[in-house]
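See below for the structure under consideration.
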Amino acid sequence: MVLRKLPGVSASGMGLRLSQKFVFLLFLSGLVTLCFGALFFLPDTVRLKRIFLSKSDSPAVTVGSDNDAREVSKKVSGDQEHQRVGLKGVDANVKLKVSRKPSVTHGSRTVERSVGSRTQEEWSPARAHEPAARDERVTSAAHNGEHGSGFSYERFKKCLLKPPLGKDQGKPSDPQTLQRREKVKEMMKFAWDSYKRYAWGKNELRPLTKNGHIGNMFGGLRGASIVDSLDTLYIMGLMEEYEEAKEWIQNNLDLNSNGEASLFEVNIRYVGGLLSAFYLTGAEIFKQKVVELGEKLLPAFNTPTGIPRGVINLGSSGTSWSWGWASAGSSILAEFGTLHLEFVHLSELSGNPMFTEKVMNIRKLLSKIEKPHGLYPNFLSPVSGNWVQHHVSIGGLGDSFYEYLIKSYLMSDKTDEEAKRMYYSAMEAIETNLVQKSPGGLTYVAEWRGGILDHKMGHLACFSGGMIGIGADDGPPEKRQHYLDLAAEITHTCHESYSRSATKLGPEAFRFDGGAEATATRLSDRYYILRPEVIESYMYMWRLTHDPKYRQWGWEAVEALEKHCRVEAGFSGIRDVYASMVSHDNMQQSFFLSETLKYLYLLFSEDDLLPLDDWVFNTEAHLLPIIRKNCLREHDSTLDNGQTPLE
């Protein structure tokens, strides 16, 4: 290289000697190389990186070794937009404030399942419902278990003991029961048609103002009512509506949102709904979507303890944080305890063990931690792994944690002994400390605040009748009848909370003190937002006992819903169940379509529609199959007794 001599500048001042120039240029070239290469080590959020990496070449997501979340409620989300934030519920006076102090995390994804048919020889959605023929066009990847998961949909179907939709779609032989089931189906079609007409693509319908509601629970995701309705539509044989929903998901469900989502709500509604739809139909689009979404939830677990935080950014940053109202930045028992079922199935479908590892880490911590009087408080620090408050509830903030323990055991084909041990130990502690008998003879489950009982039971806690019922047979032999009796008593108490109101619908919470018996004493507890928990227990208790009172109680609920909640453009919650002139809250919750109407339909169907020896329901009533490992691993699909699974 030749440097020109500039006029008026001496040679000595002109520059460096040749050796110095060489060293300088060597240093400069190294610096440029280092700076350019560093671009590829910057976080995904750095825009310069996106210049050099096309979408098709985006780097694999990495997940830290740490983990994090659930709690809130299916609250009234009318003018005040009360939404269920993480768990099945939270007290009405809780303000859903979100802390803006995110903890840095990394990204990752999720999965799902489904099934459908009418006879052992005709186990296919196309034969069960002719319009569903398109769902049989499952790609070879779905059938052959490609994508590295080793999952085969065909092999999975052979592992079911019975056809999912029964011999005749669960059609009851009794004319009155059939008529009642048809009424529930009509309610579902009316609710769906109203949503489609006025709120299509939004998360929920506002039936009074005839418009859509998006809310802030789903981080920018849309179509919550569509995803929540998939399996209900399919089970009821509403195939034209199901195809509409499937087409929207294929073409319009955008998972590349950048908003702040409830880990709990996205998991139980979107992940659960897509898993259920896949296992019912085998449609590959549901599997693709659910695995992608599941990976986006993994960064929430990046905490010192592995206990996930409640809120996560679904975008590339993957940051997560705790709810602003949660004590001392804690995570909620019912939120981080309501991931196990879905995440185990994500591992099954994707072949990625990380999903299962994350939830097993939660299990491990909860198993080891000291529990006051054997009870699980509702708030846990994701940083220290210690309890933050000694508030215990089988209703809001705690509820589905217990549900997922017994269902994890059942879903594992009764091989998950740790889940079984934790569930029955928790039940013993709950009976000892929380279960009470009112002066009028009603059995209820109180709340526990640092050793002081609060004689209140929430509507959310009414799921426990069904939970205790399905767990009765696997308890200690001497307590099995006791558990079934306890389940019946709790279900009866919850029915009383309905029958003692003017509308015959139950309040959000009811009390057993100051002379009150299964009635709400506070104005803030008097609302009903189309919740399913009482009807859920009716359905389980019907299947366990076939006592006709449960079907009668379910029909009373149908009549009350029709009279007080049905409006011109859908169904709406009401603000005061004790008022003869009802005031509507202007919200058709997505869980009304997913849970309330589905449980009513099953209540009036034969037991072979989604038989309980093949399926469990997640806390949003999305069905997940029992995992029979020995069967899934056998290519000849032969059981230990020499029979094929559907024999």
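Residue numbers start at 1 in each chain; chains themselves are named A, B, ... in the order of the structure tokens; ligands are numbered from 1 in the order shown.
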Applying 12 Å and only C-alpha atoms, which residues near Pro548 in chain A remain after dropping the ones on its own chain fewer than 3 positions away? List them as a PDB file with N, CA, C and O atoms, in the first residue's frame.
ATOM      1  N   THR A 177     -84.632 -37.778  28.193  1.00  0.00           N
ATOM      2  CA  THR A 177     -83.213 -37.429  28.276  1.00  0.00           C
ATOM      3  C   THR A 177     -82.689 -36.993  26.919  1.00  0.00           C
ATOM      4  O   THR A 177     -81.910 -36.032  26.821  1.00  0.00           O
ATOM      5  N   TYR A 538     -72.149 -32.476  38.824  1.00  0.00           N
ATOM      6  CA  TYR A 538     -73.340 -33.252  38.469  1.00  0.00           C
ATOM      7  C   TYR A 538     -72.975 -34.360  37.468  1.00  0.00           C
ATOM      8  O   TYR A 538     -73.406 -35.508  37.588  1.00  0.00           O
ATOM      9  N   MET A 539     -72.200 -33.990  36.438  1.00  0.00           N
ATOM     10  CA  MET A 539     -71.856 -34.951  35.387  1.00  0.00           C
ATOM     11  C   MET A 539     -71.049 -36.117  35.943  1.00  0.00           C
ATOM     12  O   MET A 539     -71.359 -37.289  35.688  1.00  0.00           O
ATOM     13  N   MET A 541     -70.837 -37.141  39.083  1.00  0.00           N
ATOM     14  CA  MET A 541     -71.611 -37.925  40.044  1.00  0.00           C
ATOM     15  C   MET A 541     -72.666 -38.776  39.346  1.00  0.00           C
ATOM     16  O   MET A 541     -72.995 -39.877  39.803  1.00  0.00           O
ATOM     17  N   TRP A 542     -73.203 -38.298  38.232  1.00  0.00           N
ATOM     18  CA  TRP A 542     -74.120 -39.129  37.455  1.00  0.00           C
ATOM     19  C   TRP A 542     -73.403 -40.379  36.945  1.00  0.00           C
ATOM     20  O   TRP A 542     -73.900 -41.500  37.064  1.00  0.00           O
ATOM     21  N   ARG A 543     -72.213 -40.177  36.390  1.00  0.00           N
ATOM     22  CA  ARG A 543     -71.481 -41.322  35.844  1.00  0.00           C
ATOM     23  C   ARG A 543     -71.059 -42.306  36.935  1.00  0.00           C
ATOM     24  O   ARG A 543     -70.982 -43.508  36.689  1.00  0.00           O
ATOM     25  N   LEU A 544     -70.794 -41.815  38.111  1.00  0.00           N
ATOM     26  CA  LEU A 544     -70.327 -42.682  39.190  1.00  0.00           C
ATOM     27  C   LEU A 544     -71.464 -43.401  39.899  1.00  0.00           C
ATOM     28  O   LEU A 544     -71.275 -44.503  40.416  1.00  0.00           O
ATOM     29  N   THR A 545     -72.647 -42.785  39.952  1.00  0.00           N
ATOM     30  CA  THR A 545     -73.739 -43.353  40.753  1.00  0.00           C
ATOM     31  C   THR A 545     -75.013 -43.633  39.954  1.00  0.00           C
ATOM     32  O   THR A 545     -75.835 -44.444  40.373  1.00  0.00           O
ATOM     33  N   ARG A 551     -79.218 -35.675  36.986  1.00  0.00           N
ATOM     34  CA  ARG A 551     -79.764 -35.223  35.707  1.00  0.00           C
ATOM     35  C   ARG A 551     -80.890 -34.207  35.919  1.00  0.00           C
ATOM     36  O   ARG A 551     -81.019 -33.245  35.154  1.00  0.00           O
ATOM     37  N   GLN A 552     -81.669 -34.403  36.952  1.00  0.00           N
ATOM     38  CA  GLN A 552     -82.740 -33.450  37.234  1.00  0.00           C
ATOM     39  C   GLN A 552     -82.162 -32.095  37.636  1.00  0.00           C
ATOM     40  O   GLN A 552     -82.640 -31.046  37.187  1.00  0.00           O
ATOM     41  N   TRP A 553     -81.129 -32.124  38.468  1.00  0.00           N
ATOM     42  CA  TRP A 553     -80.487 -30.871  38.862  1.00  0.00           C
ATOM     43  C   TRP A 553     -79.877 -30.171  37.649  1.00  0.00           C
ATOM     44  O   TRP A 553     -79.907 -28.938  37.536  1.00  0.00           O
ATOM     45  N   GLY A 554     -79.286 -30.950  36.742  1.00  0.00           N
ATOM     46  CA  GLY A 554     -78.727 -30.370  35.526  1.00  0.00           C
ATOM     47  C   GLY A 554     -79.792 -29.723  34.665  1.00  0.00           C
ATOM     48  O   GLY A 554     -79.573 -28.650  34.084  1.00  0.00           O
ATOM     49  N   TRP A 555     -80.962 -30.348  34.585  1.00  0.00           N
ATOM     50  CA  TRP A 555     -82.041 -29.771  33.791  1.00  0.00           C
ATOM     51  C   TRP A 555     -82.556 -28.479  34.422  1.00  0.00           C
ATOM     52  O   TRP A 555     -82.891 -27.524  33.710  1.00  0.00           O
ATOM     53  N   LEU A 603     -73.863 -34.989  30.518  1.00  0.00           N
ATOM     54  CA  LEU A 603     -74.778 -35.401  31.579  1.00  0.00           C
ATOM     55  C   LEU A 603     -76.006 -36.104  30.995  1.00  0.00           C
ATOM     56  O   LEU A 603     -76.517 -37.065  31.579  1.00  0.00           O
ATOM     57  N   PHE A 604     -76.468 -35.637  29.829  1.00  0.00           N
ATOM     58  CA  PHE A 604     -77.648 -36.215  29.199  1.00  0.00           C
ATOM     59  C   PHE A 604     -77.294 -37.210  28.093  1.00  0.00           C
ATOM     60  O   PHE A 604     -78.127 -37.526  27.242  1.00  0.00           O
TER      61      PHE A 604
END
Skipping near chain neighbours, those fewer than 2 positions away, what residues fall within 6 Å of range 518-530 of chain A using only C-alpha atoms, listed as a short mmCIF file (atom, residue, chain, number, x, y, z; two decimals) with N, CA and C atoms, in the first residue's frame?
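Dumped everything to result-v3.cif:
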data_model
loop_
_atom_site.label_atom_id
_atom_site.label_comp_id
_atom_site.auth_asym_id
_atom_site.auth_seq_id
_atom_site.Cartn_x
_atom_site.Cartn_y
_atom_site.Cartn_z
N VAL A 76 -66.49 -11.64 35.95
CA VAL A 76 -67.33 -10.82 35.11
C VAL A 76 -66.43 -9.89 34.31
N SER A 497 -76.77 -24.05 46.92
CA SER A 497 -76.44 -22.65 46.63
C SER A 497 -77.21 -22.15 45.41
N PRO A 507 -74.38 -18.23 43.32
CA PRO A 507 -73.52 -17.04 43.40
C PRO A 507 -72.04 -17.40 43.27
N GLU A 508 -71.22 -16.39 43.11
CA GLU A 508 -69.78 -16.59 43.00
C GLU A 508 -69.19 -17.17 44.28
N ALA A 509 -69.73 -16.80 45.41
CA ALA A 509 -69.27 -17.33 46.70
C ALA A 509 -70.44 -17.32 47.67
N PHE A 510 -70.47 -18.29 48.58
CA PHE A 510 -71.54 -18.36 49.57
C PHE A 510 -70.95 -18.73 50.92
N ARG A 511 -71.67 -18.36 51.98
CA ARG A 511 -71.09 -18.44 53.32
C ARG A 511 -71.90 -19.32 54.25
N GLY A 573 -73.79 -13.51 31.52
CA GLY A 573 -73.82 -13.65 32.97
C GLY A 573 -74.75 -12.63 33.58
N ILE A 574 -75.08 -12.83 34.85
CA ILE A 574 -75.97 -11.88 35.55
C ILE A 574 -75.28 -11.37 36.81
N ARG A 575 -75.69 -10.19 37.26
CA ARG A 575 -74.98 -9.52 38.34
C ARG A 575 -75.49 -9.88 39.73
N ASP A 576 -76.71 -10.38 39.84
CA ASP A 576 -77.26 -10.70 41.16
C ASP A 576 -78.24 -11.87 41.01
N VAL A 577 -77.82 -13.03 41.50
CA VAL A 577 -78.66 -14.23 41.35
C VAL A 577 -79.88 -14.19 42.26
N PHE A 592 -68.09 -20.98 28.79
CA PHE A 592 -69.48 -21.41 28.73
C PHE A 592 -69.66 -22.44 27.61
#
- Task: Please report, as an MDAnalysis selection string, each residue of range 331-503 of chain A to which DSSP assigns helix (DSSP H, G or I) when run on this structure's backbone.
- Result: chainID A and resid 333:336 340:350 354:368 372:374 399:411 417:433 459:470 472:474 477:499
- Task: Select from range 594-626 of chain A everything DSSP, run on the backbone, classes as strand (DSSP E), then give the selection as an MDAnalysis selection string.
- Result: chainID A and resid 615:617 623:625
Could those selected residues go to a file with all heavy atoms, as a PDB file, in the first residue's frame?
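Printed below is result-v4.pdb as written:
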ATOM      1  N   TRP A 615     -60.295 -41.320  28.995  1.00  0.00           N
ATOM      2  CA  TRP A 615     -60.086 -39.872  28.909  1.00  0.00           C
ATOM      3  C   TRP A 615     -60.103 -39.210  30.277  1.00  0.00           C
ATOM      4  O   TRP A 615     -60.804 -39.658  31.190  1.00  0.00           O
ATOM      5  CB  TRP A 615     -61.195 -39.222  28.061  1.00  0.00           C
ATOM      6  CG  TRP A 615     -61.286 -39.783  26.683  1.00  0.00           C
ATOM      7  CD1 TRP A 615     -62.078 -40.809  26.257  1.00  0.00           C
ATOM      8  CD2 TRP A 615     -60.517 -39.378  25.547  1.00  0.00           C
ATOM      9  NE1 TRP A 615     -61.869 -41.055  24.934  1.00  0.00           N
ATOM     10  CE2 TRP A 615     -60.923 -40.192  24.464  1.00  0.00           C
ATOM     11  CE3 TRP A 615     -59.554 -38.392  25.341  1.00  0.00           C
ATOM     12  CZ2 TRP A 615     -60.375 -40.054  23.185  1.00  0.00           C
ATOM     13  CZ3 TRP A 615     -59.013 -38.251  24.074  1.00  0.00           C
ATOM     14  CH2 TRP A 615     -59.414 -39.076  23.011  1.00  0.00           C
ATOM     15  N   VAL A 616     -59.347 -38.134  30.376  1.00  0.00           N
ATOM     16  CA  VAL A 616     -59.494 -37.190  31.484  1.00  0.00           C
ATOM     17  C   VAL A 616     -59.782 -35.828  30.858  1.00  0.00           C
ATOM     18  O   VAL A 616     -59.469 -35.592  29.687  1.00  0.00           O
ATOM     19  CB  VAL A 616     -58.237 -37.107  32.374  1.00  0.00           C
ATOM     20  CG1 VAL A 616     -57.947 -38.439  33.035  1.00  0.00           C
ATOM     21  CG2 VAL A 616     -57.018 -36.626  31.576  1.00  0.00           C
ATOM     22  N   PHE A 617     -60.379 -34.937  31.634  1.00  0.00           N
ATOM     23  CA  PHE A 617     -60.675 -33.590  31.159  1.00  0.00           C
ATOM     24  C   PHE A 617     -59.753 -32.609  31.866  1.00  0.00           C
ATOM     25  O   PHE A 617     -59.583 -32.684  33.087  1.00  0.00           O
ATOM     26  CB  PHE A 617     -62.132 -33.217  31.458  1.00  0.00           C
ATOM     27  CG  PHE A 617     -63.137 -34.039  30.701  1.00  0.00           C
ATOM     28  CD1 PHE A 617     -63.608 -35.233  31.209  1.00  0.00           C
ATOM     29  CD2 PHE A 617     -63.604 -33.611  29.467  1.00  0.00           C
ATOM     30  CE1 PHE A 617     -64.528 -35.994  30.514  1.00  0.00           C
ATOM     31  CE2 PHE A 617     -64.525 -34.360  28.759  1.00  0.00           C
ATOM     32  CZ  PHE A 617     -64.986 -35.564  29.284  1.00  0.00           C
ATOM     33  N   LEU A 623     -60.640 -32.634  26.527  1.00  0.00           N
ATOM     34  CA  LEU A 623     -60.353 -34.034  26.806  1.00  0.00           C
ATOM     35  C   LEU A 623     -58.955 -34.422  26.363  1.00  0.00           C
ATOM     36  O   LEU A 623     -58.472 -34.048  25.293  1.00  0.00           O
ATOM     37  CB  LEU A 623     -61.398 -34.917  26.128  1.00  0.00           C
ATOM     38  CG  LEU A 623     -61.611 -34.699  24.640  1.00  0.00           C
ATOM     39  CD1 LEU A 623     -61.497 -36.020  23.888  1.00  0.00           C
ATOM     40  CD2 LEU A 623     -62.992 -34.108  24.413  1.00  0.00           C
ATOM     41  N   LEU A 624     -58.291 -35.174  27.228  1.00  0.00           N
ATOM     42  CA  LEU A 624     -56.942 -35.664  26.994  1.00  0.00           C
ATOM     43  C   LEU A 624     -56.935 -37.171  27.252  1.00  0.00           C
ATOM     44  O   LEU A 624     -57.477 -37.633  28.249  1.00  0.00           O
ATOM     45  CB  LEU A 624     -55.945 -34.974  27.930  1.00  0.00           C
ATOM     46  CG  LEU A 624     -55.916 -33.441  27.854  1.00  0.00           C
ATOM     47  CD1 LEU A 624     -55.013 -32.866  28.937  1.00  0.00           C
ATOM     48  CD2 LEU A 624     -55.460 -32.975  26.480  1.00  0.00           C
ATOM     49  N   PRO A 625     -56.320 -37.951  26.362  1.00  0.00           N
ATOM     50  CA  PRO A 625     -56.373 -39.405  26.522  1.00  0.00           C
ATOM     51  C   PRO A 625     -55.423 -39.919  27.593  1.00  0.00           C
ATOM     52  O   PRO A 625     -54.377 -39.330  27.859  1.00  0.00           O
ATOM     53  CB  PRO A 625     -55.965 -39.922  25.149  1.00  0.00           C
ATOM     54  CG  PRO A 625     -55.095 -38.848  24.589  1.00  0.00           C
ATOM     55  CD  PRO A 625     -55.651 -37.555  25.114  1.00  0.00           C
TER      56      PRO A 625
END
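Residues with any atom within 9 Å of Phe286 in chain A, counting only C-alpha atoms and excluding same-chain neighbours fewer than 2 positions away, are Val111, Glu112, Arg113, Lys246, Ile249, Gln250, Leu274, Leu275, Ser276, Ala277, Phe278, Gly282, Ala283, Glu284, Gln288, Lys289, Val290 and Val291 of chain A.
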Could you write out that same residue set with C-alpha atoms as a PDB file, in the first residue's frame?
ATOM      1  CA  VAL A 111     -48.407 -29.707  21.877  1.00  0.00           C
ATOM      2  CA  GLU A 112     -51.962 -31.391  21.812  1.00  0.00           C
ATOM      3  CA  ARG A 113     -54.309 -34.347  21.011  1.00  0.00           C
ATOM      4  CA  LYS A 246     -60.903 -25.454  11.995  1.00  0.00           C
ATOM      5  CA  ILE A 249     -57.461 -21.776  13.055  1.00  0.00           C
ATOM      6  CA  GLN A 250     -55.631 -22.904   9.941  1.00  0.00           C
ATOM      7  CA  LEU A 274     -55.821 -27.690  20.382  1.00  0.00           C
ATOM      8  CA  LEU A 275     -54.650 -30.914  22.041  1.00  0.00           C
ATOM      9  CA  SER A 276     -58.214 -32.096  22.447  1.00  0.00           C
ATOM     10  CA  ALA A 277     -59.076 -31.298  18.836  1.00  0.00           C
ATOM     11  CA  PHE A 278     -56.020 -33.168  17.581  1.00  0.00           C
ATOM     12  CA  GLY A 282     -56.060 -36.364  13.924  1.00  0.00           C
ATOM     13  CA  ALA A 283     -55.935 -33.109  11.969  1.00  0.00           C
ATOM     14  CA  GLU A 284     -52.277 -32.167  11.662  1.00  0.00           C
ATOM     15  CA  GLN A 288     -48.546 -28.038  14.507  1.00  0.00           C
ATOM     16  CA  LYS A 289     -50.186 -25.082  16.221  1.00  0.00           C
ATOM     17  CA  VAL A 290     -50.104 -26.534  19.718  1.00  0.00           C
ATOM     18  CA  VAL A 291     -46.445 -27.533  19.593  1.00  0.00           C
TER      19      VAL A 291
END
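Between Ser605 in chain A and the candidates A:Ile226, A:Cys565, A:Met422, A:Leu165, the tightest atom-to-atom separation, counting only C-alpha atoms, involves A:Leu165.
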